[in-house]
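Right, one structure below, let's go through it.
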Number of protein chains: 2
Amino acid sequence: MGRNTLGTLEQAVMMVILALGDGAYGVAIRDELSRRTRRDHTLGAVYTTLDRLTAKELLESTLGEPTPTRGGRAKRYFKLTGEGRQALDHAVNARHELEYGLDLIGKGV
Amino acid sequence: MGRNTLGTLEQAVMMVILALGDGAYGVAIRDELSRRTRRDHTLGAVYTTLDRLTAKELLESTLGEPTPTRGGRAKRYFKLTGEGRQALDHAVNARHELEYGLDLIGKGV
DNA sequence: GGTCGAATATACATTGTAGAAGAAATGGCG
DNA sequence: CGCCATTTCTTCTACAATGTATATTCGACC
């Protein structure tokens with residue numbers, strides 16, 4: 001069984017999906033991601049990550065209905081699978097283990 | 001000035017270096033890293049990361065004295081530069097921003 | 001048809017990871 | 001004493017996985 005290690009962006013995207021709940025589709029994910037990280041992420045980067053996570057079965061997606069607005073094409077909504085949830089939890093725990101005992105000057109918080 | 005984004009392993013290595021203080025050299029870093037992440041990291045992986053972070057001037061290193069024990073070759077000690085400290089802080093803050101408001105405490109789903 | 005929101009395809013750069021090889025030190029034995 | 005096996009640590013090299021950007025396609029309005 002291959003260990004499911006997660007990259008920085010992958011983790012970020014998964015967290016954003018959790019934060020968005022329903023309503024987590026490509027463009028919204030990109031926007032929220034950019035907002036939270038204060039960095040400009042391109043749509044391509046986000047979609048590529050979504051695809052890869054889906055291929056690893058850490059995410060699953062469903063196609064929604066078109067919305068009656070100009071350009072209102074059907075959106076693809078993403079959510080974590082059980083496995084995805086587990087992988088993210090593991091990553092978060094590992095992270096905390098690493099931060100443990102360190103005084104990282106997090107002033108922004 | 002290129003943005004200094006940090007990968008998962010890069011951040012982990014930097015945190016371990018902070019945790020080790022003096023005494024942060026290749027092998028010790030590998031061991032502590034493996035212990036904290038509960039994963040087996042090879043020396044090659046660690047040294048490559050150390051090299052790259054040094055090239056980006058996020059780390060600096062000094063060569064120590066040989067120790068009078070069998071195989072006691074001189075060790076190379078690493079520590080964060082100011083820039084490295086800054087980059088790590090930024091990464092940690094971004095992370096917190098992402099975790100903010102999420103219920104991530106995974107009770108083994 | 002034009003253009004707008006959304007998604008897919010493609011290409012290349014950076015990071016992650018492993019295994020093998022090279023260097024410097026000591027200890028033991030002929 | 002000289003020398004080589006052994007130990008510890010570092011460097012080199014190669015390839016897989018992630019990160020990132022740009023261009024292209026798709027479908028829905030007006």
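Chain identifiers are assigned as A, B, and so on, following the order in which chains appear in the structure tokens; residues are numbered from 1 within each chain, and ligands are numbered from 1 in order of appearance.
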
**Report entry** Contact set, chain A to chain C: 10 Å, only C-alpha atoms (C1' of nucleotides), as a PyMOL selection string
**Finding:** chain A and resi 7+25-27+43-44+47-48+69-76

Quick check for you: according to DSSP on this backbone, which residues of chain B are classed as strand (DSSP E)? Reply as a PDB file with C-alpha atoms, in the first residue's frame.
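selection_20.pdb written:
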```pdb
ATOM      1  CA  LEU B  59      19.878  27.664   5.743  1.00  0.00           C
ATOM      2  CA  GLU B  60      23.548  28.098   6.426  1.00  0.00           C
ATOM      3  CA  SER B  61      26.038  25.542   7.627  1.00  0.00           C
ATOM      4  CA  THR B  62      29.366  25.323   9.391  1.00  0.00           C
ATOM      5  CA  LEU B  63      31.792  22.453   9.473  1.00  0.00           C
ATOM      6  CA  ARG B  76      28.224  19.811   9.045  1.00  0.00           C
ATOM      7  CA  TYR B  77      25.887  21.768  11.302  1.00  0.00           C
ATOM      8  CA  PHE B  78      22.893  23.615   9.956  1.00  0.00           C
ATOM      9  CA  LYS B  79      20.872  26.546  11.180  1.00  0.00           C
ATOM     10  CA  LEU B  80      18.226  28.857   9.744  1.00  0.00           C
TER      11      LEU B  80
END
```

Taking only C-alpha atoms (C1' of nucleotides) into account, produce a table as JSON lines in which each residue of chain D with an atom at most 9 Å from an atom of chain B appears once, together with its shortest atom pair and the distance in Å to one decimal, ordered by chain and rising number.
```
{"residue": "D:DT6", "atom": "C1'", "partner": "B:Gly71", "partner_atom": "CA", "distance": 8.2}
{"residue": "D:DT7", "atom": "C1'", "partner": "B:Gly71", "partner_atom": "CA", "distance": 4.5}
{"residue": "D:DT8", "atom": "C1'", "partner": "B:Gly71", "partner_atom": "CA", "distance": 4.4}
{"residue": "D:DC9", "atom": "C1'", "partner": "B:Arg73", "partner_atom": "CA", "distance": 6.2}
{"residue": "D:DT10", "atom": "C1'", "partner": "B:Tyr47", "partner_atom": "CA", "distance": 8.2}
{"residue": "D:DT11", "atom": "C1'", "partner": "B:Tyr47", "partner_atom": "CA", "distance": 8.7}
```

Query raised in the report: Excluding same-chain residues fewer than 4 positions from B:Met15, what lies within 9 Å of it counting only C-alpha atoms (C1' of nucleotides), as JSON, numbers by chain?
Result: {"A": [98, 99, 102], "B": [10, 11, 19, 20, 88]}

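Atom CA of B:Ala91 sits 15.5 Å away from atom CA of B:Lys56.
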
Lay chain A over chain B using all C-alpha atoms, matched one to one in order, with a least-squares fit; then write it out as a compact mmCIF listing (two decimals) with C-alpha atoms, in the first residue's frame.
```txt
# COMPACT_ATOMS: atom_id res chain seq x y z
CA MET A 1 12.06 38.98 -5.84
CA GLY A 2 11.06 35.35 -6.13
CA ARG A 3 8.55 34.24 -3.60
CA ASN A 4 10.07 31.68 -1.28
CA THR A 5 7.48 28.99 -1.17
CA LEU A 6 8.29 25.88 0.83
CA GLY A 7 7.51 22.26 0.09
CA THR A 8 6.22 19.82 2.67
CA LEU A 9 9.59 18.19 3.26
CA GLU A 10 11.38 21.51 3.31
CA GLN A 11 9.11 22.77 6.04
CA ALA A 12 9.47 19.54 7.96
CA VAL A 13 13.23 19.66 7.80
CA MET A 14 13.31 23.25 8.96
CA MET A 15 11.06 22.44 11.89
CA VAL A 16 13.22 19.51 12.87
CA ILE A 17 16.28 21.73 12.80
CA LEU A 18 14.56 24.12 15.18
CA ALA A 19 13.60 21.23 17.41
CA LEU A 20 17.15 19.90 17.52
CA GLY A 21 18.77 23.25 18.17
CA ASP A 22 22.51 22.70 18.35
CA GLY A 23 23.08 19.17 17.25
CA ALA A 24 21.16 19.53 14.00
CA TYR A 25 23.31 17.68 11.51
CA GLY A 26 22.37 15.34 8.67
CA VAL A 27 21.95 12.02 10.38
CA ALA A 28 20.27 13.43 13.49
CA ILE A 29 17.87 15.39 11.31
CA ARG A 30 17.00 12.31 9.35
CA ASP A 31 16.34 10.31 12.50
CA GLU A 32 14.22 12.94 14.18
CA LEU A 33 12.32 13.55 10.97
CA SER A 34 11.56 9.87 10.57
CA ARG A 35 10.52 9.64 14.18
CA ARG A 36 8.13 12.56 14.03
CA THR A 37 6.56 11.72 10.70
CA ARG A 38 6.56 7.99 11.33
CA ARG A 39 7.97 7.49 7.91
CA ASP A 40 11.32 6.26 6.76
CA HIS A 41 13.25 9.05 5.10
CA THR A 42 16.52 8.27 3.39
CA LEU A 43 19.64 10.26 4.05
CA GLY A 44 19.87 11.23 0.41
CA ALA A 45 16.47 12.85 0.52
CA VAL A 46 17.41 14.83 3.59
CA TYR A 47 20.77 16.02 2.33
CA THR A 48 19.31 17.08 -0.98
CA THR A 49 16.75 19.17 0.83
CA LEU A 50 19.40 20.66 3.10
CA ASP A 51 21.49 21.61 0.09
CA ARG A 52 18.62 23.27 -1.67
CA LEU A 53 17.53 25.24 1.35
CA THR A 54 21.11 26.35 1.84
CA ALA A 55 21.32 27.44 -1.79
CA LYS A 56 18.19 29.51 -1.22
CA GLU A 57 19.87 31.00 1.84
CA LEU A 58 17.18 29.78 4.17
CA LEU A 59 19.73 27.67 6.03
CA GLU A 60 23.37 28.10 6.85
CA SER A 61 25.82 25.52 8.05
CA THR A 62 29.08 25.24 9.93
CA LEU A 63 31.50 22.38 10.00
CA GLY A 64 32.14 20.97 13.47
CA GLU A 65 35.09 19.17 14.98
CA PRO A 66 35.69 15.47 14.43
CA THR A 67 34.68 13.37 17.42
CA PRO A 68 37.10 10.80 18.85
CA THR A 69 34.96 7.78 18.09
CA ARG A 70 35.24 5.25 15.33
CA GLY A 71 34.04 6.88 12.10
CA GLY A 72 33.71 10.14 13.97
CA ARG A 73 34.06 12.37 10.99
CA ALA A 74 33.34 16.10 11.30
CA LYS A 75 29.62 16.89 11.17
CA ARG A 76 28.02 19.76 9.33
CA TYR A 77 25.57 21.60 11.57
CA PHE A 78 22.61 23.50 10.18
CA LYS A 79 20.53 26.36 11.44
CA LEU A 80 17.93 28.71 10.00
CA THR A 81 18.90 32.10 8.67
CA GLY A 82 16.72 35.13 9.38
CA GLU A 83 15.25 34.74 5.96
CA GLY A 84 14.63 31.08 6.63
CA ARG A 85 12.88 31.85 9.86
CA GLN A 86 10.70 34.34 8.05
CA ALA A 87 9.86 31.94 5.24
CA LEU A 88 8.90 29.26 7.74
CA ASP A 89 6.76 31.65 9.74
CA HIS A 90 4.99 32.68 6.59
CA ALA A 91 4.33 29.09 5.65
CA VAL A 92 3.01 28.30 9.10
CA ASN A 93 0.72 31.30 9.09
CA ALA A 94 -0.61 30.48 5.64
CA ARG A 95 -1.28 27.00 6.94
CA HIS A 96 -3.26 28.25 9.90
CA GLU A 97 -5.25 30.50 7.62
CA LEU A 98 -6.17 27.41 5.65
CA GLU A 99 -7.08 25.33 8.66
CA TYR A 100 -9.14 28.14 10.10
CA GLY A 101 -12.76 27.13 10.59
CA LEU A 102 -12.22 23.55 9.54
CA ASP A 103 -12.94 20.66 11.81
CA LEU A 104 -10.14 18.31 11.01
CA ILE A 105 -10.48 15.23 13.10
CA GLY A 106 -7.09 15.31 14.71
CA LYS A 107 -7.46 12.50 17.17
CA GLY A 108 -3.77 11.81 17.81
CA VAL A 109 -3.23 15.17 19.43
```
